[in-house]
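*Asks:* Contents are PDB, C-alpha atoms; file name structure-v1.pdb:
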MODEL        1
ATOM      1  CA  LEU A 110     136.587 142.971  39.473
ATOM      2  CA  ARG A 111     133.373 142.862  41.463
ATOM      3  CA  ALA A 112     133.774 143.567  45.164
ATOM      4  CA  LEU A 113     132.462 140.699  47.268
ATOM      5  CA  THR A 114     130.133 141.365  50.182
ATOM      6  CA  CYS A 115     131.580 140.498  53.581
ATOM      7  CA  VAL A 116     129.728 138.297  56.051
ATOM      8  CA  PRO A 117     130.151 139.203  59.733
ATOM      9  CA  SER A 118     131.582 136.659  62.141
ATOM     10  CA  PRO A 119     132.066 137.203  65.874
ATOM     11  CA  THR A 120     135.537 135.635  66.046
ATOM     12  CA  ILE A 121     138.406 134.521  63.867
ATOM     13  CA  THR A 122     138.400 130.736  63.864
ATOM     14  CA  MET A 123     139.777 127.868  61.857
ATOM     15  CA  SER A 124     136.294 126.471  61.364
ATOM     16  CA  ALA A 125     133.193 127.861  59.766
ATOM     17  CA  SER A 126     131.185 130.608  61.376
ATOM     18  CA  PRO A 127     129.476 129.225  64.499
ATOM     19  CA  GLU A 128     126.216 130.145  62.814
ATOM     20  CA  ASP A 129     126.820 127.664  59.955
ATOM     21  CA  PRO A 130     124.790 124.539  60.849
ATOM     22  CA  SER A 131     126.250 122.523  57.971
ATOM     23  CA  ALA A 132     129.816 122.422  59.283
ATOM     24  CA  ARG A 133     131.253 119.600  61.326
ATOM     25  CA  PRO A 134     134.167 120.365  63.674
ATOM     26  CA  PRO A 135     137.393 120.702  61.657
ATOM     27  CA  THR A 136     139.813 117.798  61.400
ATOM     28  CA  VAL A 137     143.571 118.414  61.469
ATOM     29  CA  LEU A 138     145.124 116.499  58.574
ATOM     30  CA  PHE A 139     148.635 117.921  58.817
ATOM     31  CA  ASN A 140     150.357 119.974  61.512
ATOM     32  CA  ASN A 141     154.112 120.451  61.611
ATOM     33  CA  ASP A 142     156.389 123.307  62.632
ATOM     34  CA  GLY A 143     153.919 126.132  62.097
ATOM     35  CA  VAL A 144     152.069 124.890  59.011
ATOM     36  CA  SER A 145     148.705 123.164  59.353
ATOM     37  CA  LEU A 146     146.071 121.721  57.073
ATOM     38  CA  LEU A 147     142.519 121.459  58.393
ATOM     39  CA  ALA A 148     139.425 119.992  56.779
ATOM     40  CA  THR A 149     135.903 121.177  57.565
ATOM     41  CA  VAL A 150     133.252 118.802  56.258
ATOM     42  CA  LEU A 151     129.915 120.331  55.270
ATOM     43  CA  SER A 152     126.729 118.332  55.509
ATOM     44  CA  SER A 153     123.081 119.205  55.837
ATOM     45  CA  SER A 154     122.845 116.241  58.229
ATOM     46  CA  ALA A 155     125.933 117.118  60.279
ATOM     47  CA  ALA A 156     125.695 115.813  63.800
ATOM     48  CA  PRO A 157     126.494 118.234  66.626
ATOM     49  CA  ASP A 158     129.263 115.941  67.851
ATOM     50  CA  GLY A 159     130.891 115.778  64.418
ATOM     51  CA  GLY A 160     129.555 112.305  63.670
ATOM     52  CA  GLY A 161     128.249 111.047  60.401
ATOM     53  CA  ASP A 162     129.500 109.162  57.387
ATOM     54  CA  ASP A 163     132.696 110.710  55.994
ATOM     55  CA  ASP A 164     131.485 109.983  52.449
ATOM     56  CA  ASP A 165     128.106 111.629  53.032
ATOM     57  CA  HIS A 166     128.825 115.337  52.757
ATOM     58  CA  ASP A 167     128.161 118.454  50.713
ATOM     59  CA  GLY A 168     131.836 119.306  50.369
ATOM     60  CA  ILE A 169     135.074 119.859  52.252
ATOM     61  CA  VAL A 170     136.647 123.256  52.906
ATOM     62  CA  LEU A 171     140.388 122.941  53.482
ATOM     63  CA  THR A 172     142.460 125.534  55.301
ATOM     64  CA  LEU A 173     146.219 125.766  54.851
ATOM     65  CA  ALA A 174     147.252 127.849  57.862
ATOM     66  CA  LEU A 175     150.728 129.411  57.953
ATOM     67  CA  HIS A 176     151.535 130.349  61.527
ATOM     68  CA  ARG A 177     155.316 130.607  61.678
ATOM     69  CA  HIS A 178     154.781 134.067  63.098
ATOM     70  CA  LYS A 179     158.138 134.541  64.810
ATOM     71  CA  GLU A 180     159.620 134.379  61.307
ATOM     72  CA  LYS A 181     156.794 136.473  59.804
ATOM     73  CA  ASN A 182     155.878 133.507  57.588
ATOM     74  CA  VAL A 183     158.880 134.165  55.353
ATOM     75  CA  ILE A 184     159.568 131.863  52.434
ATOM     76  CA  ASN A 185     162.634 129.723  53.043
ATOM     77  CA  PRO A 186     163.464 126.036  52.451
ATOM     78  CA  THR A 187     161.695 124.971  55.639
ATOM     79  CA  MET A 188     158.472 126.811  54.794
ATOM     80  CA  ILE A 189     158.556 125.519  51.213
ATOM     81  CA  SER A 190     159.011 121.927  52.373
ATOM     82  CA  LEU A 191     156.135 122.233  54.852
ATOM     83  CA  ILE A 192     153.751 123.684  52.259
ATOM     84  CA  ILE A 193     154.670 120.884  49.836
ATOM     85  CA  GLN A 194     153.927 118.308  52.539
ATOM     86  CA  ALA A 195     150.521 119.908  53.130
ATOM     87  CA  LEU A 196     149.764 119.896  49.382
ATOM     88  CA  ASP A 197     150.831 116.248  49.210
ATOM     89  CA  THR A 198     148.360 115.525  52.008
ATOM     90  CA  ILE A 199     145.558 117.034  49.945
ATOM     91  CA  GLU A 200     146.357 114.602  47.144
ATOM     92  CA  SER A 201     146.889 111.499  49.283
ATOM     93  CA  HIS A 202     144.704 111.696  52.405
ATOM     94  CA  PRO A 203     141.848 109.157  52.319
ATOM     95  CA  MET A 204     139.320 111.857  53.217
ATOM     96  CA  LEU A 205     140.303 113.915  50.166
ATOM     97  CA  ALA A 206     141.827 111.692  47.504
ATOM     98  CA  ASN A 207     138.543 110.408  46.100
ATOM     99  CA  THR A 208     136.451 113.574  46.102
ATOM    100  CA  ASN A 209     136.468 116.554  43.750
ATOM    101  CA  ASN A 210     134.076 118.411  46.043
ATOM    102  CA  LYS A 211     136.558 120.585  47.921
ATOM    103  CA  ALA A 212     138.041 124.074  48.106
ATOM    104  CA  LEU A 213     141.167 125.509  49.723
ATOM    105  CA  ILE A 214     141.793 128.617  51.845
ATOM    106  CA  ILE A 215     145.390 129.760  52.419
ATOM    107  CA  THR A 216     145.882 132.183  55.308
ATOM    108  CA  GLY A 217     148.260 133.425  57.959
ATOM    109  CA  ILE A 218     145.549 133.445  60.631
ATOM    110  CA  SER A 219     146.729 131.587  63.722
ATOM    111  CA  LEU A 220     144.998 128.470  64.961
ATOM    112  CA  ASP A 221     144.449 130.023  68.387
ATOM    113  CA  GLU A 222     143.187 133.468  67.390
ATOM    114  CA  ASN A 223     139.749 132.604  68.703
ATOM    115  CA  ASN A 224     141.248 132.618  72.218
ATOM    116  CA  ASN A 225     141.559 136.376  72.657
ATOM    117  CA  GLN A 226     144.929 136.467  70.901
ATOM    118  CA  PRO A 227     145.797 139.524  68.780
ATOM    119  CA  PRO A 228     145.419 138.970  65.023
ATOM    120  CA  SER A 229     148.532 137.905  63.165
ATOM    121  CA  LYS A 230     150.263 140.776  61.361
ATOM    122  CA  PHE A 231     151.731 138.834  58.434
ATOM    123  CA  PHE A 232     150.332 136.716  55.643
ATOM    124  CA  SER A 233     153.946 136.380  54.490
ATOM    125  CA  ASN A 234     156.846 138.818  54.546
ATOM    126  CA  GLY A 235     158.349 137.376  51.360
ATOM    127  CA  LEU A 236     161.660 135.658  50.757
ATOM    128  CA  ASP A 237     163.765 135.070  53.858
ATOM    129  CA  LEU A 238     166.529 137.641  53.376
ATOM    130  CA  GLU A 239     168.368 136.489  56.504
ATOM    131  CA  TRP A 240     168.508 132.936  55.152
ATOM    132  CA  MET A 241     169.679 134.289  51.796
ATOM    133  CA  LEU A 242     172.483 136.224  53.505
ATOM    134  CA  ARG A 243     173.685 133.084  55.263
ATOM    135  CA  ALA A 244     173.360 130.891  52.183
ATOM    136  CA  ASN A 245     175.044 133.281  49.769
ATOM    137  CA  ASP A 246     178.032 134.642  51.686
ATOM    138  CA  GLY A 247     176.379 137.911  52.622
ATOM    139  CA  ASN A 248     174.690 138.550  49.275
ATOM    140  CA  ALA A 249     170.921 138.504  49.784
ATOM    141  CA  ARG A 250     169.938 140.452  46.676
ATOM    142  CA  ASP A 251     171.267 138.261  43.861
ATOM    143  CA  ILE A 252     168.725 135.510  43.177
ATOM    144  CA  ASN A 253     171.166 133.892  40.711
ATOM    145  CA  THR A 254     173.366 132.582  43.518
ATOM    146  CA  PRO A 255     173.120 128.787  43.885
ATOM    147  CA  GLY A 256     171.367 128.688  47.259
ATOM    148  CA  THR A 257     168.723 131.262  46.436
ATOM    149  CA  SER A 258     168.122 130.109  42.864
ATOM    150  CA  GLN A 259     167.433 126.536  44.007
ATOM    151  CA  MET A 260     165.038 127.759  46.680
ATOM    152  CA  VAL A 261     163.142 130.062  44.300
ATOM    153  CA  GLU A 262     162.880 127.394  41.614
ATOM    154  CA  LYS A 263     161.490 124.876  44.128
ATOM    155  CA  PHE A 264     158.996 127.447  45.415
ATOM    156  CA  ASN A 265     157.941 128.282  41.869
ATOM    157  CA  SER A 266     157.627 124.769  40.483
ATOM    158  CA  GLU A 267     156.405 122.800  43.499
ATOM    159  CA  VAL A 268     154.289 125.410  45.290
ATOM    160  CA  LEU A 269     153.136 128.258  43.035
ATOM    161  CA  ALA A 270     152.655 126.298  39.795
ATOM    162  CA  ARG A 271     150.859 123.596  41.761
ATOM    163  CA  ILE A 272     148.470 125.943  43.564
ATOM    164  CA  LEU A 273     147.893 127.923  40.351
ATOM    165  CA  THR A 274     146.445 124.834  38.632
ATOM    166  CA  LEU A 275     144.746 122.920  41.442
ATOM    167  CA  PRO A 276     141.470 121.360  40.240
ATOM    168  CA  PHE A 277     139.322 123.193  42.775
ATOM    169  CA  ARG A 278     138.753 126.736  44.049
ATOM    170  CA  THR A 279     141.584 128.388  45.976
ATOM    171  CA  ILE A 280     141.329 131.529  48.120
ATOM    172  CA  ALA A 281     143.991 133.618  49.838
ATOM    173  CA  ALA A 282     142.678 135.132  53.079
ATOM    174  CA  ILE A 283     145.277 137.872  53.514
ATOM    175  CA  ASN A 284     145.400 138.665  57.225
ATOM    176  CA  GLY A 285     148.310 141.120  57.178
ATOM    177  CA  HIS A 286     151.413 142.195  55.294
ATOM    178  CA  CYS A 287     151.780 140.328  52.002
ATOM    179  CA  ILE A 288     155.164 141.096  50.486
ATOM    180  CA  GLY A 289     157.139 139.753  47.524
ATOM    181  CA  ALA A 290     157.006 135.952  47.530
ATOM    182  CA  GLY A 291     154.055 136.197  49.912
ATOM    183  CA  LEU A 292     152.201 138.256  47.312
ATOM    184  CA  PHE A 293     153.058 135.664  44.669
ATOM    185  CA  LEU A 294     151.626 132.961  46.931
ATOM    186  CA  ALA A 295     148.397 134.969  47.136
ATOM    187  CA  LEU A 296     148.404 135.615  43.363
ATOM    188  CA  SER A 297     148.645 131.886  42.693
ATOM    189  CA  CYS A 298     145.185 131.506  44.249
ATOM    190  CA  ASP A 299     141.952 132.024  42.315
ATOM    191  CA  TYR A 300     140.641 134.700  44.707
ATOM    192  CA  ARG A 301     142.126 137.104  47.251
ATOM    193  CA  ILE A 302     140.378 138.685  50.245
ATOM    194  CA  MET A 303     142.349 141.109  52.417
ATOM    195  CA  ARG A 304     141.841 142.543  55.865
ATOM    196  CA  THR A 305     141.218 146.263  56.192
ATOM    197  CA  SER A 306     142.944 148.764  58.503
ATOM    198  CA  ARG A 307     146.313 147.040  58.732
ATOM    199  CA  GLY A 308     148.727 145.398  56.344
ATOM    200  CA  PHE A 309     149.805 146.113  52.791
ATOM    201  CA  LEU A 310     150.745 144.347  49.571
ATOM    202  CA  GLN A 311     154.008 145.086  47.801
ATOM    203  CA  TRP A 312     156.316 144.021  44.982
ATOM    204  CA  PRO A 313     159.535 145.032  46.840
ATOM    205  CA  GLU A 314     162.098 144.020  44.223
ATOM    206  CA  ALA A 315     162.838 147.521  42.862
ATOM    207  CA  ARG A 316     163.323 148.799  46.420
ATOM    208  CA  LEU A 317     165.680 145.917  47.246
ATOM    209  CA  GLY A 318     167.675 146.095  44.005
ATOM    210  CA  MET A 319     166.535 142.620  42.928
ATOM    211  CA  ARG A 320     165.027 141.300  39.708
ATOM    212  CA  LEU A 321     161.676 139.524  39.738
ATOM    213  CA  SER A 322     162.559 136.242  37.969
ATOM    214  CA  LYS A 323     160.552 135.065  34.974
ATOM    215  CA  GLY A 324     158.146 133.032  37.090
ATOM    216  CA  PHE A 325     157.217 135.880  39.420
ATOM    217  CA  ALA A 326     156.938 138.327  36.505
ATOM    218  CA  GLU A 327     154.657 136.102  34.411
ATOM    219  CA  LEU A 328     152.458 135.256  37.409
ATOM    220  CA  SER A 329     152.006 138.976  38.084
ATOM    221  CA  LYS A 330     151.066 139.629  34.443
ATOM    222  CA  ALA A 331     148.659 136.684  34.420
ATOM    223  CA  LYS A 332     146.743 137.818  37.488
ATOM    224  CA  ILE A 333     146.850 141.639  37.195
ATOM    225  CA  ALA A 334     144.897 142.714  34.127
ATOM    226  CA  ASN A 335     145.709 146.427  34.279
ATOM    227  CA  HIS A 336     149.189 147.208  32.955
ATOM    228  CA  HIS A 337     149.073 150.601  34.681
ATOM    229  CA  VAL A 338     148.850 148.774  38.020
ATOM    230  CA  LEU A 339     151.757 146.509  37.077
ATOM    231  CA  ARG A 340     153.849 149.527  36.058
ATOM    232  CA  GLU A 341     153.106 151.362  39.288
ATOM    233  CA  GLY A 342     153.322 148.369  41.594
ATOM    234  CA  ILE A 343     156.470 146.766  40.229
ATOM    235  CA  LEU A 344     158.498 149.777  39.092
ATOM    236  CA  THR A 345     157.802 151.971  42.148
ATOM    237  CA  ALA A 346     157.482 149.232  44.825
ATOM    238  CA  LYS A 347     154.267 150.899  45.956
ATOM    239  CA  MET A 348     152.691 149.644  49.166
ATOM    240  CA  TYR A 349     148.974 148.946  48.642
ATOM    241  CA  LYS A 350     146.543 149.031  51.509
ATOM    242  CA  SER A 351     143.396 146.973  51.069
ATOM    243  CA  THR A 352     141.257 149.788  49.619
ATOM    244  CA  GLU A 353     143.862 150.619  46.954
ATOM    245  CA  ALA A 354     144.499 146.943  46.248
ATOM    246  CA  LEU A 355     140.772 146.394  45.678
ATOM    247  CA  ALA A 356     140.464 149.424  43.398
ATOM    248  CA  SER A 357     143.524 148.230  41.458
ATOM    249  CA  GLY A 358     142.156 144.718  40.944
ATOM    250  CA  ILE A 359     144.904 143.011  42.943
ATOM    251  CA  ILE A 360     142.368 141.616  45.417
ATOM    252  CA  ASP A 361     138.695 140.719  45.069
ATOM    253  CA  ALA A 362     137.376 141.914  48.434
ATOM    254  CA  GLU A 363     138.319 143.579  51.698
ATOM    255  CA  CYS A 364     136.940 142.822  55.164
ATOM    256  CA  PRO A 365     137.668 143.704  58.779
ATOM    257  CA  VAL A 366     140.015 141.064  60.129
ATOM    258  CA  GLU A 367     137.287 139.767  62.459
ATOM    259  CA  GLU A 368     135.256 138.782  59.389
ATOM    260  CA  LEU A 369     138.081 137.592  57.152
ATOM    261  CA  TYR A 370     137.995 133.846  57.686
ATOM    262  CA  ALA A 371     134.198 133.609  57.630
ATOM    263  CA  ARG A 372     134.130 135.502  54.323
ATOM    264  CA  ALA A 373     136.808 133.273  52.823
ATOM    265  CA  PHE A 374     134.896 130.237  54.059
ATOM    266  CA  GLN A 375     131.693 131.447  52.391
ATOM    267  CA  LEU A 376     133.536 132.024  49.113
ATOM    268  CA  ALA A 377     135.009 128.526  49.396
ATOM    269  CA  LYS A 378     131.530 127.050  49.889
ATOM    270  CA  GLU A 379     130.334 128.845  46.766
ATOM    271  CA  GLY A 380     133.096 127.070  44.830
ATOM    272  CA  LEU A 381     132.124 123.559  45.898
ATOM    273  CA  LEU A 382     130.503 121.241  43.383
ATOM    274  CA  GLU A 383     127.774 119.655  45.496
ATOM    275  CA  SER A 384     127.046 122.264  48.152
ATOM    276  CA  PRO A 385     123.568 123.842  47.855
ATOM    277  CA  SER A 386     125.268 127.215  47.323
ATOM    278  CA  GLY A 387     128.079 125.842  45.157
ATOM    279  CA  MET A 388     128.876 125.750  41.452
ATOM    280  CA  LYS A 389     126.710 123.741  39.085
ATOM    281  CA  LEU A 390     129.243 121.952  36.888
ATOM    282  CA  ASP A 391     127.358 118.875  35.748
ATOM    283  CA  TYR A 392     130.192 117.043  33.999
ATOM    284  CA  PHE A 393     133.108 118.256  36.084
ATOM    285  CA  SER A 394     136.519 116.729  35.374
ATOM    286  CA  PRO A 395     139.457 117.541  37.690
ATOM    287  CA  LYS A 396     141.875 116.872  34.832
ATOM    288  CA  GLY A 397     139.902 119.197  32.579
ATOM    289  CA  TYR A 398     139.714 121.870  35.294
ATOM    290  CA  THR A 399     143.491 121.819  35.780
ATOM    291  CA  GLU A 400     143.979 122.029  32.024
ATOM    292  CA  ILE A 401     141.628 125.019  31.837
ATOM    293  CA  LYS A 402     143.792 126.824  34.387
ATOM    294  CA  GLU A 403     146.935 125.880  32.460
ATOM    295  CA  GLU A 404     145.333 127.328  29.324
ATOM    296  CA  MET A 405     144.270 130.523  31.120
ATOM    297  CA  TYR A 406     147.693 131.082  32.677
ATOM    298  CA  THR A 407     149.959 129.339  30.146
ATOM    299  CA  ASP A 408     152.931 131.714  30.287
ATOM    300  CA  ALA A 409     152.840 131.927  34.084
ATOM    301  CA  TYR A 410     152.499 128.165  34.477
ATOM    302  CA  ARG A 411     155.357 127.398  32.094
ATOM    303  CA  ALA A 412     157.651 130.006  33.650
ATOM    304  CA  LEU A 413     156.920 128.738  37.166
ATOM    305  CA  LYS A 414     156.983 125.034  36.399
ATOM    306  CA  PHE A 415     159.887 124.843  33.993
ATOM    307  CA  GLY A 416     161.756 128.151  34.252
ATOM    308  CA  LYS A 417     165.191 128.596  35.789
ATOM    309  CA  VAL A 418     166.285 131.618  37.761
ATOM    310  CA  GLU A 419     169.383 131.824  35.595
ATOM    311  CA  ASP A 420     167.227 132.379  32.492
ATOM    312  CA  LEU A 421     167.930 135.825  31.068
ATOM    313  CA  PRO A 422     165.213 138.427  31.771
ATOM    314  CA  SER A 423     164.722 138.805  28.009
ATOM    315  CA  SER A 424     164.590 135.060  27.299
ATOM    316  CA  ARG A 425     161.546 133.421  25.778
ATOM    317  CA  ILE A 426     159.374 131.284  28.042
TER     318      ILE A 426
ENDMDL
END
Kindly return the structure encoded in the file as structure tokens.
*Replies:*
Amino acid sequence: LRALTCVPSPTITMSASPEDPSARPPTVLFNNDGVSLLATVLSSSAAPDGGGDDDDHDGIVLTLALHRHKEKNVINPTMISLIIQALDTIESHPMLANTNNKALIITGISLDENNNQPPSKFFSNGLDLEWMLRANDGNARDINTPGTSQMVEKFNSEVLARILTLPFRTIAAINGHCIGAGLFLALSCDYRIMRTSRGFLQWPEARLGMRLSKGFAELSKAKIANHHVLREGILTAKMYKSTEALASGIIDAECPVEELYARAFQLAKEGLLESPSGMKLDYFSPKGYTEIKEEMYTDAYRALKFGKVEDLPSSRI
């Protein structure tokens, strides 16, 4: 994969780089219990005060910000429900429902990191093992137990399968550790950009004595082209820093954390339909675009959308 060039930005913010004259101030569309969805409208005629016709724009860059940092953004029923609510907002909000001209960034960058706060250390630390212990009578490693299997299936079918086939560009801006289910969240996106210097990616299942599940396994195979990387990453639970992850094709670019959001924002702009720097898809169809992704990632989509945790590892999809 081609390494993407990073664009400097003086601060980490939830809006575009201050040097981007096309961006209006971001609008918060959803904000609940540490999960937020923001929309930044781009327009060559953007007014400094954020005014202007909501229908007159060059595109909308959405940011799904996970900032449940005390819990390290772990995946549990609460986090899953909040992400689903944010995705529902994308489909139903009046600002978004009638436009195809949008892109989505998913990140663990905090909303207030432009106020001299230290950068967040976690994109997501994976499945919530403490919740699994409580839900499964002290057994956190068996994903076939009722509590864990229901949670994983909901995460797979209503979060990962949905993000995997969204009819617009999706980007994971990986601001820190990205482990297990957090890595699968990043893999469900079209592109991945990771911070340098701190944080690693890992498939931890072999280390924890857990199986992957069909959905997680097929998603990994769909997004990692090199089987040598899959063998090393999954069977040895290797921890990949950004440089190794880039060389292995797990991510598409690496940036200093100070530049991460601005770089993800630029990549999102390049995926818009009507932005001057965006894609030129003259007869774009959101239904067709989703179907293309389903065709590209058929086995992963079917395993995530319809698979059950209880399915045997050797079962057909």
*Asks:* Could you tell me how far atom CA of A:His166 sits from atom CA of A:Arg372, in Å to one decimal place?
*Replies:* 20.9 Å
*Asks:* Of the candidates A:Tyr398, A:Tyr349, A:Phe309, A:Phe293, which one gets nearest to A:Leu413 if we count all atoms listed in the file?
*Replies:*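 For A:Leu413, the nearest of the given residues is A:Phe293.
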*Asks:* Could the residues of stretch 293-372 of chain A that have an atom at most 12 Å from stretch 169-191 of chain A be listed as a Markdown table, each with its closest atom pair and the distance in Å to one decimal, counting only C-alpha atoms and ordered by chain and ascending residue number?
*Replies:*
| residue | atom | partner | partner_atom | distance |
| --- | --- | --- | --- | --- |
| A:Phe293 | CA | A:Ile184 | CA | 10.8 |
| A:Leu294 | CA | A:Ile184 | CA | 9.7 |
| A:Tyr370 | CA | A:Thr172 | CA | 9.7 |
| A:Ala371 | CA | A:Val170 | CA | 11.6 |
*Asks:* Could you list, as a VMD selection string, every residue matched by the PyMOL selection byres ((chain A and resi 296-306) around 7) in this structure?
*Replies:* chain A and resid 269 272 to 273 278 to 285 292 to 295 307 332 351 360 to 366 369 373
*Asks:* Enumerate, as an NGL selection string, the residues matched when the PyMOL selection byres ((chain A and resi 250-258) around 7) is run on the file above.
*Replies:* :A and (241 or 244-245 or 248-249 or 259-262 or 317-319 or 418-419)
*Asks:* Using only the atoms of stretch 332-342 of chain A listed in the file, plus 6 Å on each side, state the axis-aligned box centre and edge lengths in Å rounded to one decimal, as AutoDock Vina command-line options.
*Replies:*
--center_x 149.4 --center_y 144.6 --center_z 37.3 --size_x 21.0 --size_y 25.5 --size_z 20.6
*Asks:* Residues near stretch 204-212 of chain A, anyone? I mean within 8 Å using all atoms listed in the file, not counting same-chain ones fewer than 6 positions away, as a list in words.
*Replies:*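 Everything that qualifies: Asp163, Asp167, Gly168, Ile169, Val170, Leu171, Pro276, Phe277, Arg278, Thr279, Ala377, Lys378, Gly380, Leu381, Leu382, Glu383 and Pro395 of chain A.
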*Asks:* Can you tell me how far atom CA of A:Ile192 sits from atom CA of A:Leu236, in Å to one decimal?
*Replies:*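 That distance, rounded to one decimal, is 14.4 Å.
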*Asks:* Kindly indicate which residue among A:Thr407, A:Lys323, A:Lys330, A:Gln375 lies nearest to A:Ser424, using all atoms listed in the file for the distances.
*Replies:*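 Of all the options, A:Lys323 lies closest to A:Ser424.
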*Asks:* Enumerate, as number ranges by chain, the residues matched when the PyMOL selection byres ((chain A and resi 312) around 8) is run on the file above.
*Replies:* A: 288-289, 292, 310-311, 313-315, 342-343, 346-348
*Asks:* Around the point (160.8, 133.4, 38.5) in the file's coordinates, collect all residues with an atom within 7 Å, using only C-alpha atoms, and return them as an NGL selection string.
*Replies:* :A and (265 or 321-326 or 412-413 or 416 or 418)
*Asks:* With all atoms listed in the file as the counted atoms, please give the residues lying no more than 12 Å from A:Glu404, apart from itself and same-chain residues fewer than 5 positions off, as a PyMOL selection string.
*Replies:* chain A and resi 273-274+331+397-399+409-411
*Asks:* Could you check how far atom CA of A:Lys389 sits from atom CA of A:Leu196, in Å to one decimal?
*Replies:* 25.5 Å
*Asks:* Between A:Gly387, A:Gly358, A:Gly217, A:Gly291, single out the one closest to A:Leu146, counting only C-alpha atoms.
*Replies:*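 Closest to A:Leu146, using only C-alpha atoms: A:Gly217.
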*Asks:* May I ask which of the residues A:Ala148, A:Ile199, A:Leu339, A:Cys287 is the closest one to A:Arg271, counting all atoms listed in the file?
*Replies:*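 Distance minimum relative to A:Arg271 lands on A:Ile199.
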*Asks:* Taking the partial coordinates given, rebuild stretch 277-282 of chain A to contain all heavy atoms; return it as a PDB file, keeping the file's coordinate frame.
*Replies:*
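That gives us selection_14.pdb:
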ATOM      1  N   PHE A 277     140.407 122.720  41.922  1.00  0.00           N
ATOM      2  CA  PHE A 277     139.322 123.193  42.775  1.00  0.00           C
ATOM      3  C   PHE A 277     139.607 124.648  43.141  1.00  0.00           C
ATOM      4  O   PHE A 277     140.702 125.157  42.895  1.00  0.00           O
ATOM      5  CB  PHE A 277     139.164 122.326  44.032  1.00  0.00           C
ATOM      6  CG  PHE A 277     140.457 121.960  44.721  1.00  0.00           C
ATOM      7  CD1 PHE A 277     141.072 122.832  45.608  1.00  0.00           C
ATOM      8  CD2 PHE A 277     141.057 120.722  44.493  1.00  0.00           C
ATOM      9  CE1 PHE A 277     142.251 122.504  46.232  1.00  0.00           C
ATOM     10  CE2 PHE A 277     142.243 120.378  45.121  1.00  0.00           C
ATOM     11  CZ  PHE A 277     142.840 121.270  45.994  1.00  0.00           C
ATOM     12  N   ARG A 278     138.627 125.314  43.733  1.00  0.00           N
ATOM     13  CA  ARG A 278     138.753 126.736  44.049  1.00  0.00           C
ATOM     14  C   ARG A 278     139.782 126.966  45.152  1.00  0.00           C
ATOM     15  O   ARG A 278     139.832 126.231  46.137  1.00  0.00           O
ATOM     16  CB  ARG A 278     137.401 127.303  44.480  1.00  0.00           C
ATOM     17  CG  ARG A 278     137.448 128.775  44.877  1.00  0.00           C
ATOM     18  CD  ARG A 278     136.076 129.368  45.080  1.00  0.00           C
ATOM     19  NE  ARG A 278     135.351 129.470  43.815  1.00  0.00           N
ATOM     20  CZ  ARG A 278     134.180 130.102  43.682  1.00  0.00           C
ATOM     21  NH1 ARG A 278     133.600 130.662  44.732  1.00  0.00           N
ATOM     22  NH2 ARG A 278     133.595 130.168  42.503  1.00  0.00           N
ATOM     23  N   THR A 279     140.592 128.006  44.971  1.00  0.00           N
ATOM     24  CA  THR A 279     141.584 128.388  45.976  1.00  0.00           C
ATOM     25  C   THR A 279     141.413 129.860  46.323  1.00  0.00           C
ATOM     26  O   THR A 279     141.161 130.688  45.447  1.00  0.00           O
ATOM     27  CB  THR A 279     143.011 128.141  45.458  1.00  0.00           C
ATOM     28  OG1 THR A 279     143.198 128.824  44.205  1.00  0.00           O
ATOM     29  CG2 THR A 279     143.268 126.661  45.252  1.00  0.00           C
ATOM     30  N   ILE A 280     141.569 130.175  47.605  1.00  0.00           N
ATOM     31  CA  ILE A 280     141.329 131.529  48.120  1.00  0.00           C
ATOM     32  C   ILE A 280     142.447 131.903  49.074  1.00  0.00           C
ATOM     33  O   ILE A 280     142.778 131.140  49.993  1.00  0.00           O
ATOM     34  CB  ILE A 280     139.979 131.601  48.868  1.00  0.00           C
ATOM     35  CG1 ILE A 280     138.826 131.204  47.947  1.00  0.00           C
ATOM     36  CG2 ILE A 280     139.746 132.987  49.455  1.00  0.00           C
ATOM     37  CD1 ILE A 280     137.737 130.454  48.636  1.00  0.00           C
ATOM     38  N   ALA A 281     143.031 133.068  48.881  1.00  0.00           N
ATOM     39  CA  ALA A 281     143.991 133.618  49.838  1.00  0.00           C
ATOM     40  C   ALA A 281     143.246 134.561  50.765  1.00  0.00           C
ATOM     41  O   ALA A 281     142.659 135.550  50.314  1.00  0.00           O
ATOM     42  CB  ALA A 281     145.112 134.355  49.107  1.00  0.00           C
ATOM     43  N   ALA A 282     143.247 134.252  52.055  1.00  0.00           N
ATOM     44  CA  ALA A 282     142.678 135.132  53.079  1.00  0.00           C
ATOM     45  C   ALA A 282     143.841 135.889  53.701  1.00  0.00           C
ATOM     46  O   ALA A 282     144.529 135.386  54.586  1.00  0.00           O
ATOM     47  CB  ALA A 282     141.917 134.324  54.130  1.00  0.00           C
TER      48      ALA A 282
END
